[in-house]
$ cat query-v5.txt   # compact mmCIF, C-alpha atoms
# COMPACT_ATOMS: atom_id res chain seq x y z
CA MET A 75 -70.44 7.79 32.83
CA ASN A 76 -73.16 6.95 35.34
CA THR A 77 -75.11 3.73 35.23
CA GLN A 78 -77.80 4.10 32.61
CA PRO A 79 -81.37 2.97 33.22
CA PRO A 80 -82.71 0.03 31.21
CA ILE A 81 -84.53 1.08 28.05
CA THR A 82 -87.13 -0.47 25.77
CA ILE A 83 -87.66 0.31 22.09
CA THR A 84 -89.95 -1.07 19.43
CA ARG A 85 -88.69 -3.24 16.60
CA LEU A 86 -90.11 -0.72 14.10
CA ASP A 87 -88.29 2.21 15.75
CA LEU A 88 -85.08 0.15 15.76
CA GLN A 89 -85.40 -0.57 12.03
CA ARG A 90 -86.13 3.07 11.20
CA LEU A 91 -83.29 4.36 13.36
CA GLU A 92 -80.80 1.88 11.91
CA ARG A 93 -81.80 3.11 8.43
CA LEU A 94 -81.29 6.69 9.62
CA LEU A 95 -77.81 5.87 10.92
CA ASP A 96 -76.94 4.07 7.66
CA SER A 97 -78.01 7.13 5.64
CA LEU A 98 -75.83 9.66 7.49
CA GLU A 99 -72.99 11.20 5.51
CA GLU A 100 -71.03 11.89 8.69
CA PHE A 101 -71.06 9.48 11.62
CA GLY A 102 -70.21 11.81 14.50
CA PRO A 103 -70.65 11.71 18.28
CA ALA A 104 -74.46 12.08 18.08
CA ALA A 105 -74.79 9.05 15.81
CA GLU A 106 -72.38 7.07 18.00
CA ALA A 107 -74.46 7.91 21.09
CA LEU A 108 -77.65 6.77 19.36
CA GLU A 109 -75.95 3.57 18.20
CA ARG A 110 -74.92 2.81 21.81
CA GLU A 111 -78.49 3.36 23.01
CA LEU A 112 -79.88 1.03 20.34
CA ALA A 113 -77.30 -1.65 21.20
CA ARG A 114 -78.30 -1.75 24.87
CA ALA A 115 -82.08 -1.57 24.40
CA GLN A 116 -84.59 -4.33 24.97
CA VAL A 117 -86.49 -4.62 21.67
CA VAL A 118 -90.23 -5.42 21.65
CA GLY A 119 -93.04 -5.42 19.12
CA HIS A 120 -95.03 -2.18 18.79
CA GLU A 121 -98.05 -3.85 20.39
CA GLU A 122 -95.95 -4.89 23.42
CA VAL A 123 -94.42 -1.55 24.40
CA PRO A 124 -95.85 -0.19 27.69
CA PRO A 125 -97.62 3.20 27.37
CA GLY A 126 -95.16 4.89 29.76
CA VAL A 127 -92.14 4.30 27.50
CA VAL A 128 -90.70 6.98 25.19
CA THR A 129 -90.85 5.88 21.55
CA MET A 130 -90.25 7.89 18.40
CA ASN A 131 -92.80 10.74 18.02
CA SER A 132 -93.76 10.50 21.70
CA ARG A 133 -94.55 13.73 23.55
CA VAL A 134 -93.08 13.74 27.04
CA HIS A 135 -93.06 15.85 30.18
CA CYS A 136 -89.72 15.89 31.97
CA ARG A 137 -87.98 17.98 34.60
CA GLU A 138 -84.40 19.13 34.83
CA GLU A 139 -83.62 18.40 38.46
CA GLY A 140 -80.97 21.08 38.96
CA SER A 141 -83.22 23.99 37.99
CA GLY A 142 -86.64 22.41 38.49
CA LYS A 143 -87.57 23.54 34.98
CA ASP A 144 -90.25 21.50 33.24
CA TYR A 145 -89.98 20.61 29.57
CA HIS A 146 -92.59 19.27 27.16
CA LEU A 147 -90.68 17.62 24.32
CA THR A 148 -91.56 15.56 21.27
CA LEU A 149 -88.93 13.06 20.13
CA VAL A 150 -88.67 13.30 16.34
CA TYR A 151 -86.51 12.32 13.37
CA PRO A 152 -83.94 14.96 12.34
CA GLU A 153 -86.00 16.23 9.39
CA ASP A 154 -88.91 17.05 11.75
CA ALA A 155 -86.83 18.84 14.41
CA GLY A 156 -86.77 22.58 14.93
CA GLY A 157 -90.37 23.32 15.84
CA GLU A 158 -91.20 24.25 19.40
CA GLY A 159 -90.37 21.39 21.73
CA LYS A 160 -89.36 19.06 18.87
CA VAL A 161 -86.12 17.33 19.74
CA SER A 162 -84.14 15.35 17.17
CA ILE A 163 -83.22 11.77 18.01
CA LEU A 164 -79.68 12.85 17.07
CA ALA A 165 -79.59 15.55 19.77
CA PRO A 166 -77.96 14.34 23.00
CA VAL A 167 -81.18 14.68 24.97
CA GLY A 168 -83.11 12.96 22.16
CA SER A 169 -81.06 9.79 22.11
CA ALA A 170 -81.03 9.82 25.92
CA LEU A 171 -84.83 9.99 26.13
CA LEU A 172 -85.45 7.13 23.71
CA GLY A 173 -86.76 4.07 25.54
CA LEU A 174 -86.98 5.65 28.99
CA SER A 175 -89.90 4.76 31.25
CA VAL A 176 -91.83 7.17 33.47
CA GLY A 177 -89.92 7.79 36.70
CA GLN A 178 -86.49 7.06 35.22
CA HIS A 179 -83.87 9.75 34.93
CA ILE A 180 -80.81 10.27 32.84
CA ASP A 181 -77.53 12.06 33.40
CA TRP A 182 -76.50 13.57 30.12
CA PRO A 183 -73.41 15.67 29.34
CA VAL A 184 -74.09 18.97 27.58
CA PRO A 185 -71.69 21.41 25.90
CA GLY A 186 -69.41 23.16 28.35
CA GLY A 187 -68.76 20.04 30.41
CA LYS A 188 -71.94 20.23 32.48
CA THR A 189 -74.26 17.31 33.13
CA LEU A 190 -78.01 17.68 33.33
CA LYS A 191 -80.26 15.31 35.23
CA LEU A 192 -83.62 14.86 33.52
CA THR A 193 -86.47 12.92 35.10
CA LEU A 194 -89.26 11.58 32.90
CA LEU A 195 -92.53 12.57 34.59
CA ASN A 196 -95.07 11.53 31.97
CA VAL A 197 -95.48 10.26 28.44
CA GLU A 198 -98.28 12.56 27.27
CA TYR A 199 -98.62 10.92 23.86
CA GLN A 200 -97.17 7.70 22.51
CA PRO A 201 -98.03 6.65 18.93
CA GLU A 202 -98.15 2.95 19.83
CA ALA A 203 -100.60 3.52 22.71
CA ALA A 204 -102.72 5.62 20.33
CA GLY A 205 -102.66 2.86 17.67
CA GLU A 206 -100.72 5.08 15.25
CA TYR A 207 -97.93 2.80 14.09
CA ALA A 208 -97.11 4.62 10.86
CA ARG A 209 -95.68 7.66 12.69

$ encode --input "query-v5.txt" --output "structure tokens"
Amino acid sequence: MNTQPPITITRLDLQRLERLLDSLEEFGPAAEALERELARAQVVGHEEVPPGVVTMNSRVHCREEGSGKDYHLTLVYPEDAGGEGKVSILAPVGSALLGLSVGQHIDWPVPGGKTLKLTLLNVEYQPEAAGEYAR
């Protein structure tokens, strides 16, 4: 796997995501990928996270470099996924986006053996920057 960019997550997101992982009936590849992301993250308080970092419930603008297609995605917990642009933290792209900073990109394998390169262009909404810590 390619070298992964450094990531930053909030202590509150870490606690919530660890609880999510503990509650799963099946601990499959998606949970393992999220666990690896959490293990390598720099953890900060919610008041310390820079506004250009993807946290839970952030809305982001990213581009798939191969096709040039733009995506507007909101990173959510599994129970909130399914609406337009709402991506579960347990989806491969969800766990890959967590903690990224604007300008960073990720290489992420998708079904069929392909790898997509996503570049984070903007964090359009971040709960911490908006002072909404309960989200």

$ closest_residue --input "query-v5.txt" --among "A:Glu99, A:Glu109, A:His135, A:Met130" --to "Val150 of chain A" --atoms "all atoms listed in the file"
A:Met130

$ closest_atom_pairs --input "query-v5.txt" --of "segment 162-208 of chain A" --to "segment 121-129 of chain A" --cutoff "9 Å" --atoms "only C-alpha atoms" --output "tab-separated table"
residue	atom	partner	partner_atom	distance
A:Leu171	CA	A:Val128	CA	6.7
A:Leu172	CA	A:Val128	CA	5.5
A:Gly173	CA	A:Val128	CA	4.9
A:Leu174	CA	A:Val128	CA	5.5
A:Ser175	CA	A:Val127	CA	4.4
A:Val176	CA	A:Gly126	CA	5.5
A:Asn196	CA	A:Gly126	CA	7.0
A:Val197	CA	A:Gly126	CA	5.5
A:Glu198	CA	A:Gly126	CA	8.6
A:Tyr199	CA	A:Pro125	CA	8.5
A:Gln200	CA	A:Pro125	CA	6.6
A:Pro201	CA	A:Thr129	CA	7.7
A:Glu202	CA	A:Glu121	CA	6.8
A:Ala203	CA	A:Pro125	CA	5.5
A:Gly205	CA	A:Glu121	CA	8.6

$ atom_distance --input "query-v5.txt" --atom1 "atom CA of His179 of chain A" --atom2 "atom CA of Leu195 of chain A"
9.1 Å

$ residues_near_point --input "query-v5.txt" --point "(-79.4, 12.0, 35.3)" --cutoff "12 Å" --atoms "only C-alpha atoms" --output "PyMOL selection string"
chain A and resi 75-79+136-140+167+170-171+174+177-184+188-194

$ residues_around --input "query-v5.txt" --residues "Leu86 of chain A" --least-positions-apart "5" --cutoff "9 Å" --atoms "only C-alpha atoms" --output "VMD selection string"
chain A and resid 91 118 to 120 207

$ atom_distance --input "query-v5.txt" --atom1 "atom CA of Arg85 of chain A" --atom2 "atom CA of Ala113 of chain A"
12.4 Å

$ closest_residue --input "query-v5.txt" --among "A:Val117, A:Lys160, A:Pro166, A:Ala107" --to "Ser132 of chain A" --atoms "only C-alpha atoms"
A:Lys160

$ atom_distance --input "query-v5.txt" --atom1 "atom CA of Glu111 of chain A" --atom2 "atom CA of Ser169 of chain A"
7.0 Å

$ closest_residue --input "query-v5.txt" --among "A:Ser97, A:Gln89, A:Asn131, A:Thr84" --to "Gly159 of chain A" --atoms "all atoms listed in the file"
A:Asn131

$ axis_aligned_box --input "query-v5.txt" --around "segment 119-123 of chain A" --padding-each-side "8 Å" --output "lines of an AutoDock Vina configuration file"
center_x = -95.5
center_y = -3.5
center_z = 21.6
size_x = 21.0
size_y = 19.9
size_z = 21.6

$ closest_residue --input "query-v5.txt" --among "A:Ser141, A:Gly156, A:Leu112, A:Gly168" --to "Arg90 of chain A" --atoms "only C-alpha atoms"
A:Leu112

$ closest_residue --input "query-v5.txt" --among "A:Ala155, A:Leu147, A:Leu95, A:Ala204" --to "Leu108 of chain A" --atoms "only C-alpha atoms"
A:Leu95

$ closest_residue --input "query-v5.txt" --among "A:Gly142, A:Gly157, A:Val134, A:Gln116" --to "Ile81 of chain A" --atoms "only C-alpha atoms"
A:Gln116

$ residues_around --input "query-v5.txt" --residues "Leu164 of chain A" --least-positions-apart "6" --cutoff "8 Å" --atoms "only C-alpha atoms" --output "list in words"
Ala104, Ala105, Leu108, Tyr151 and Pro152 of chain A

$ build_atoms --input "query-v5.txt" --residues "segment 102-128 of chain A" --atoms "N, CA, C and O atoms" --output "compact mmCIF listing (two decimals), in the frame of the given file"
# COMPACT_ATOMS: atom_id res chain seq x y z
N GLY A 102 -70.88 11.11 13.41
CA GLY A 102 -70.21 11.81 14.50
C GLY A 102 -70.65 11.32 15.87
O GLY A 102 -71.28 10.27 16.01
N PRO A 103 -70.33 12.10 16.90
CA PRO A 103 -70.65 11.71 18.28
C PRO A 103 -72.15 11.47 18.53
O PRO A 103 -72.51 10.58 19.29
N ALA A 104 -73.01 12.25 17.87
CA ALA A 104 -74.46 12.08 18.08
C ALA A 104 -74.91 10.72 17.55
O ALA A 104 -75.68 10.00 18.20
N ALA A 105 -74.43 10.35 16.38
CA ALA A 105 -74.79 9.05 15.81
C ALA A 105 -74.21 7.91 16.65
O ALA A 105 -74.87 6.89 16.86
N GLU A 106 -73.00 8.09 17.14
CA GLU A 106 -72.38 7.07 18.00
C GLU A 106 -73.18 6.89 19.29
O GLU A 106 -73.38 5.77 19.75
N ALA A 107 -73.66 8.00 19.87
CA ALA A 107 -74.46 7.91 21.09
C ALA A 107 -75.77 7.17 20.83
O ALA A 107 -76.17 6.31 21.63
N LEU A 108 -76.41 7.46 19.71
CA LEU A 108 -77.65 6.77 19.36
C LEU A 108 -77.38 5.28 19.14
O LEU A 108 -78.13 4.42 19.61
N GLU A 109 -76.30 4.98 18.46
CA GLU A 109 -75.95 3.57 18.20
C GLU A 109 -75.75 2.81 19.51
O GLU A 109 -76.20 1.66 19.66
N ARG A 110 -75.11 3.44 20.49
CA ARG A 110 -74.92 2.81 21.81
C ARG A 110 -76.25 2.56 22.50
O ARG A 110 -76.46 1.52 23.12
N GLU A 111 -77.17 3.52 22.40
CA GLU A 111 -78.49 3.36 23.01
C GLU A 111 -79.23 2.19 22.36
O GLU A 111 -79.83 1.36 23.05
N LEU A 112 -79.19 2.11 21.04
CA LEU A 112 -79.88 1.03 20.34
C LEU A 112 -79.28 -0.32 20.72
O LEU A 112 -80.01 -1.31 20.88
N ALA A 113 -77.97 -0.38 20.89
CA ALA A 113 -77.30 -1.65 21.20
C ALA A 113 -77.68 -2.18 22.58
O ALA A 113 -77.69 -3.39 22.78
N ARG A 114 -78.01 -1.29 23.51
CA ARG A 114 -78.30 -1.75 24.87
C ARG A 114 -79.80 -1.91 25.15
O ARG A 114 -80.19 -2.37 26.21
N ALA A 115 -80.63 -1.57 24.19
CA ALA A 115 -82.08 -1.57 24.40
C ALA A 115 -82.68 -2.97 24.34
O ALA A 115 -82.23 -3.82 23.58
N GLN A 116 -83.74 -3.15 25.12
CA GLN A 116 -84.59 -4.33 24.97
C GLN A 116 -85.56 -4.00 23.84
O GLN A 116 -86.22 -2.96 23.86
N VAL A 117 -85.66 -4.87 22.85
CA VAL A 117 -86.49 -4.62 21.67
C VAL A 117 -87.77 -5.44 21.78
O VAL A 117 -87.72 -6.64 22.03
N VAL A 118 -88.92 -4.76 21.58
CA VAL A 118 -90.23 -5.42 21.65
C VAL A 118 -91.06 -5.03 20.43
O VAL A 118 -90.75 -4.05 19.75
N GLY A 119 -92.11 -5.78 20.17
CA GLY A 119 -93.04 -5.42 19.12
C GLY A 119 -93.81 -4.17 19.50
O GLY A 119 -93.95 -3.85 20.69
N HIS A 120 -94.33 -3.43 18.50
CA HIS A 120 -95.03 -2.18 18.79
C HIS A 120 -96.28 -2.39 19.64
O HIS A 120 -96.70 -1.51 20.37
N GLU A 121 -96.87 -3.59 19.58
CA GLU A 121 -98.05 -3.85 20.39
C GLU A 121 -97.69 -4.25 21.83
O GLU A 121 -98.54 -4.30 22.69
N GLU A 122 -96.40 -4.46 22.09
CA GLU A 122 -95.95 -4.89 23.42
C GLU A 122 -95.35 -3.77 24.26
O GLU A 122 -95.08 -3.98 25.45
N VAL A 123 -95.10 -2.62 23.67
CA VAL A 123 -94.42 -1.55 24.40
C VAL A 123 -95.40 -0.93 25.41
O VAL A 123 -96.52 -0.59 25.08
N PRO A 124 -94.98 -0.82 26.68
CA PRO A 124 -95.85 -0.19 27.69
C PRO A 124 -96.12 1.28 27.35
O PRO A 124 -95.26 1.95 26.77
N PRO A 125 -97.27 1.81 27.72
CA PRO A 125 -97.62 3.20 27.37
C PRO A 125 -96.73 4.25 28.03
O PRO A 125 -96.67 5.37 27.57
N GLY A 126 -96.02 3.92 29.08
CA GLY A 126 -95.16 4.89 29.76
C GLY A 126 -93.72 4.89 29.28
O GLY A 126 -92.84 5.38 29.96
N VAL A 127 -93.48 4.36 28.08
CA VAL A 127 -92.14 4.30 27.50
C VAL A 127 -92.04 5.29 26.34
O VAL A 127 -92.95 5.39 25.53
N VAL A 128 -90.92 6.00 26.26
CA VAL A 128 -90.70 6.98 25.19
C VAL A 128 -90.31 6.25 23.91
O VAL A 128 -89.28 5.57 23.86
